[in-house]
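Undergrad: My structure file input.tsv, TSV, C-alpha atoms, is below:
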chain	number	residue	atom	x	y	z
A	55	MET	CA	0.00	0.00	0.00
A	56	ILE	CA	2.74	2.48	0.90
A	57	GLY	CA	4.81	1.69	-2.21
A	58	PRO	CA	2.21	2.95	-4.74
A	59	LEU	CA	1.58	6.06	-2.60
A	60	ILE	CA	5.27	6.92	-2.58
A	61	GLY	CA	5.42	6.40	-6.35
A	62	MET	CA	2.46	8.77	-6.91
A	63	ALA	CA	3.88	11.25	-4.39
A	64	TYR	CA	6.97	11.62	-6.53
A	65	ALA	CA	4.76	12.67	-9.46
A	66	HIS	CA	2.52	15.25	-7.74
A	67	PRO	CA	3.15	17.62	-4.78
A	68	LEU	CA	-0.41	17.37	-3.42
A	69	ILE	CA	-0.19	13.61	-3.26
A	70	ALA	CA	3.22	14.01	-1.57
A	71	GLY	CA	1.65	16.08	1.20
A	72	LEU	CA	-1.21	13.66	1.71
A	73	THR	CA	1.20	10.72	1.71
A	74	ALA	CA	3.30	12.38	4.39
A	75	VAL	CA	0.24	12.90	6.54
A	76	ALA	CA	-0.93	9.30	6.06
A	77	VAL	CA	2.48	7.72	6.64
A	78	VAL	CA	3.91	9.93	9.38
A	79	GLY	CA	1.07	11.28	11.46
A	80	GLY	CA	-2.10	9.67	10.28
A	81	GLY	CA	-5.03	11.84	9.19
A	82	GLY	CA	-6.17	12.79	12.69
A	83	ALA	CA	-3.09	14.85	13.55
A	84	ALA	CA	-3.47	17.09	10.52
A	85	ILE	CA	-7.17	17.64	11.16
A	86	SER	CA	-6.57	18.42	14.84
A	87	ALA	CA	-3.95	20.98	13.95
A	88	ALA	CA	-6.17	22.66	11.38
A	89	LEU	CA	-9.33	22.79	13.48
A	90	PRO	CA	-8.82	24.17	17.00
A	91	ASP	CA	-11.24	23.06	19.71
A	92	SER	CA	-12.46	26.54	20.63
A	93	PRO	CA	-12.47	29.98	19.06
A	94	SER	CA	-9.71	32.28	20.18
A	95	SER	CA	-10.46	35.15	22.53
A	96	PRO	CA	-10.12	38.69	21.22
A	97	SER	CA	-7.02	40.64	22.13
A	98	THR	CA	-7.52	42.87	25.17
A	99	ALA	CA	-4.70	45.20	24.12
A	100	LEU	CA	-5.60	48.89	24.37
A	101	VAL	CA	-5.54	50.58	20.97
A	102	ARG	CA	-4.81	54.28	21.39
A	103	GLY	CA	-5.43	56.92	18.74
A	104	PHE	CA	-7.60	54.93	16.33
A	105	VAL	CA	-9.03	57.40	13.78
A	106	MET	CA	-12.56	56.91	12.48
A	107	GLU	CA	-13.56	58.83	9.36
A	108	ARG	CA	-16.71	60.94	9.73
A	109	SER	CA	-19.31	60.86	6.95
A	110	ASP	CA	-20.16	64.22	5.47
A	111	GLY	CA	-23.67	63.04	4.57
A	112	GLN	CA	-22.89	63.10	0.84
A	113	LYS	CA	-21.42	59.60	0.70
A	114	ALA	CA	-21.97	56.33	2.54
A	115	PRO	CA	-20.22	56.30	5.92
A	116	THR	CA	-17.18	54.11	6.54
A	117	GLY	CA	-18.08	51.32	8.96
A	118	TYR	CA	-15.49	49.84	11.31
A	119	ASP	CA	-15.45	46.26	12.58
A	120	PHE	CA	-14.34	46.35	16.21
A	121	THR	CA	-14.07	42.54	16.39
A	122	SER	CA	-10.43	42.85	15.27
A	123	THR	CA	-7.66	44.53	17.25
A	124	PRO	CA	-7.06	47.13	15.97
A	125	PRO	CA	-10.44	47.70	14.32
A	126	VAL	CA	-10.65	47.34	10.53
A	127	VAL	CA	-12.93	48.71	7.82
A	128	ALA	CA	-16.03	46.49	7.89
A	129	GLY	CA	-16.91	44.32	4.94
A	130	PRO	CA	-20.36	44.26	3.33
A	131	GLY	CA	-23.04	43.00	5.70
A	132	ALA	CA	-20.73	43.00	8.76
A	133	ASP	CA	-21.78	44.59	12.05
A	134	ALA	CA	-20.08	47.96	12.23
A	135	LEU	CA	-19.66	51.19	14.14
A	136	TYR	CA	-19.59	54.36	12.05
A	137	LEU	CA	-19.77	58.13	12.42
A	138	GLN	CA	-22.55	60.17	10.92
A	139	GLY	CA	-23.03	63.79	11.82
A	140	GLY	CA	-22.42	64.17	15.54
A	141	PHE	CA	-23.22	60.55	16.37
A	142	LEU	CA	-21.46	57.23	16.67
A	143	MET	CA	-23.82	54.69	15.09
A	144	SER	CA	-24.07	50.92	15.52
A	145	THR	CA	-25.56	48.69	12.84
A	146	ASN	CA	-26.40	45.96	15.36
A	147	GLY	CA	-27.78	48.22	18.13
A	148	LYS	CA	-25.31	46.83	20.66
A	149	LEU	CA	-23.91	50.13	21.87
A	150	ALA	CA	-24.44	51.71	25.30
A	151	SER	CA	-23.25	54.80	27.14
A	152	TRP	CA	-20.81	54.28	30.00
A	153	GLY	CA	-21.58	56.92	32.62
A	154	SER	CA	-18.73	56.30	35.02
A	155	SER	CA	-15.27	57.84	34.92
A	156	GLY	CA	-13.61	54.43	35.42
A	157	VAL	CA	-12.92	51.82	32.77
A	158	PRO	CA	-15.81	49.32	32.55
A	159	THR	CA	-15.37	45.59	33.04
A	160	ALA	CA	-16.65	42.97	30.61
A	161	GLN	CA	-19.61	42.38	32.94
A	162	ASP	CA	-20.29	46.15	33.13
A	163	CYS	CA	-20.45	46.43	29.34
A	164	ARG	CA	-22.63	43.36	28.88
A	165	LYS	CA	-25.05	44.73	31.48
A	166	ALA	CA	-25.05	48.25	29.98
A	167	VAL	CA	-25.82	46.92	26.50
A	168	ALA	CA	-28.50	44.54	27.85
A	169	ASP	CA	-30.16	47.24	29.98
A	170	ASP	CA	-30.03	50.16	27.55
A	171	PRO	CA	-29.01	49.14	24.00
A	172	SER	CA	-28.73	51.88	21.44
A	173	ARG	CA	-28.00	52.37	17.76
A	174	LYS	CA	-26.47	55.80	18.28
A	175	ALA	CA	-24.62	57.88	20.84
A	176	ALA	CA	-23.58	61.52	20.74
A	177	VAL	CA	-19.89	62.11	20.05
A	178	SER	CA	-18.20	64.12	22.79
A	179	VAL	CA	-14.53	64.18	23.80
A	180	GLY	CA	-14.03	62.17	27.00
A	181	TYR	CA	-17.25	60.21	26.46
A	182	ALA	CA	-17.00	56.42	26.89
A	183	MET	CA	-19.23	53.78	25.34
A	184	CYS	CA	-19.57	50.02	25.63
A	185	TYR	CA	-20.18	47.76	22.65
A	186	LEU	CA	-20.61	44.10	21.83
A	187	ASP	CA	-18.76	43.05	18.68
A	188	ARG	CA	-20.18	40.67	16.08
A	189	ASN	CA	-19.07	37.69	18.23
A	190	GLY	CA	-20.78	39.09	21.32
A	191	ASP	CA	-17.47	40.00	22.98
A	192	PRO	CA	-17.63	43.21	25.05
A	193	GLY	CA	-15.39	46.21	24.54
A	194	TYR	CA	-15.33	49.93	25.16
A	195	LEU	CA	-14.17	53.04	23.41
A	196	THR	CA	-13.44	56.53	24.62
A	197	ILE	CA	-13.57	59.58	22.35
A	198	THR	CA	-10.19	61.33	22.70
A	199	ALA	CA	-10.43	63.92	19.90
A	200	SER	CA	-13.01	65.20	17.45
A	201	GLN	CA	-12.30	67.00	14.18
A	202	ALA	CA	-14.62	68.05	11.36
A	203	ASP	CA	-13.77	64.94	9.29
A	204	SER	CA	-12.85	62.35	11.93
A	205	VAL	CA	-12.97	61.20	15.53
A	206	THR	CA	-10.08	59.65	17.43
A	207	VAL	CA	-10.79	56.90	19.97
A	208	ASP	CA	-9.02	54.64	22.41
A	209	THR	CA	-10.56	51.17	22.41
A	210	ALA	CA	-10.12	47.69	23.87
A	211	HIS	CA	-11.93	44.42	24.27
A	212	LEU	CA	-12.59	43.46	27.85
A	213	GLY	CA	-11.45	40.01	29.04
Can you present the structure in this file as structure tokens?
TA:
Amino acid sequence: MIGPLIGMAYAHPLIAGLTAVAVVGGGGAAISAALPDSPSSPSTALVRGFVMERSDGQKAPTGYDFTSTPPVVAGPGADALYLQGGFLMSTNGKLASWGSSGVPTAQDCRKAVADDPSRKAAVSVGYAMCYLDRNGDPGYLTITASQADSVTVDTAHLG
């Protein structure tokens, strides 16, 4: 059985890879390595100075996916946070004001979003908001600067 596999492996690189898996580690090792048991947790690193472009009302706003660290421009149909006028908007309605001066915990943000979910919040320097990303992981952002065409935030997921 192994002889014909080795002969075919010499002729084609894909067969060579499959032969190596079958001979050396069996199929289960490769599958286990490729499919982790549980999804990874989001990074809790604080991202300082993330700039979000503000829509001028003449074009579609740029949405940002806060599931990644740092946030990235959201793809079509993805849950996103975006700026329009003087408001931070949430496509999934999982945004909530954080009224305390301290940094919220993961539990604080989950509770705030569950108790008072919103699709929009006024943009004001120093203002903090909780959000749940598309995976349901909590995070917060604080507005650190506001210009005519953008807003700067500090943001982090909460572990």
Undergrad: So that I can check the surroundings of Thr159 in chain A, please list as a ChimeraX atom specification every protein, DNA and RNA residue that reaches within 12 Å of it, counting all atoms listed in the file and ignoring chain neighbours fewer than 4 positions away.
TA: /A:98,152,154,163-166,183-185,191-194,210-213
Undergrad: Give the answer as one residue: which of A:Gln112, A:Gln138, A:Thr145, A:Ser178 has the shortest atom-to-atom distance to Thr196 in chain A, using all atoms listed in the file?
TA: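 Answer, going by the shortest atom-to-atom distance: A:Ser178.
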Undergrad: In terms of the shortest atom-to-atom distance over all atoms listed in the file, which of A:Ala182, A:Leu100, A:Ala114, A:Val205 is closest to Gly153 in chain A?
TA: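 Once distances to Gly153 in chain A are computed over all atoms listed in the file, the minimum belongs to A:Ala182.
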Undergrad: Kindly indicate which residue among A:Leu195, A:Ala168, A:Ala202, A:Met143 lies nearest to Val101 in chain A, using all atoms listed in the file for the distances.
TA: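 Using all atoms listed in the file, the shortest distance to Val101 in chain A belongs to A:Leu195.
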Undergrad: Which value, in Å to one decimal, gives the distance between CA of Gly190 in chain A and CA of Lys113 in chain A?
TA: 29.1 Å
Undergrad: Just want the 10 Å neighbourhood of Val127 in chain A, counted on only C-alpha atoms, with same-chain residues fewer than 5 positions away dropped. Output as an mmCIF file with C-alpha atoms, in the coordinates of the input.
TA:
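And here's selection_29.cif as it stands now:
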data_model
loop_
_atom_site.group_PDB
_atom_site.id
_atom_site.type_symbol
_atom_site.label_atom_id
_atom_site.label_comp_id
_atom_site.auth_asym_id
_atom_site.auth_seq_id
_atom_site.Cartn_x
_atom_site.Cartn_y
_atom_site.Cartn_z
ATOM 1 C CA MET A 106 -12.560 56.910 12.480
ATOM 2 C CA THR A 116 -17.180 54.110 6.540
ATOM 3 C CA GLY A 117 -18.080 51.320 8.960
ATOM 4 C CA TYR A 118 -15.490 49.840 11.310
ATOM 5 C CA ASP A 119 -15.450 46.260 12.580
ATOM 6 C CA PHE A 120 -14.340 46.350 16.210
ATOM 7 C CA SER A 122 -10.430 42.850 15.270
ATOM 8 C CA ALA A 132 -20.730 43.000 8.760
ATOM 9 C CA ALA A 134 -20.080 47.960 12.230
ATOM 10 C CA LEU A 135 -19.660 51.190 14.140
ATOM 11 C CA TYR A 136 -19.590 54.360 12.050
#
Undergrad: Report, in Å to a single decimal, how far apart CA of Val179 in chain A and CA of Ala199 in chain A are.
TA: 5.7 Å
Undergrad: Find, counting only C-alpha atoms, the residue in A:Gly180, A:Pro96, A:Gly139, A:Gly156 that gets nearest to Asp208 in chain A.
TA: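 Nearest to Asp208 in chain A: A:Gly180.
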Undergrad: CA of Val167 in chain A and CA of Thr123 in chain A are how many Å apart?
TA: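 Value for the CA of Val167 in chain A-CA of Thr123 in chain A distance: 20.5 Å.
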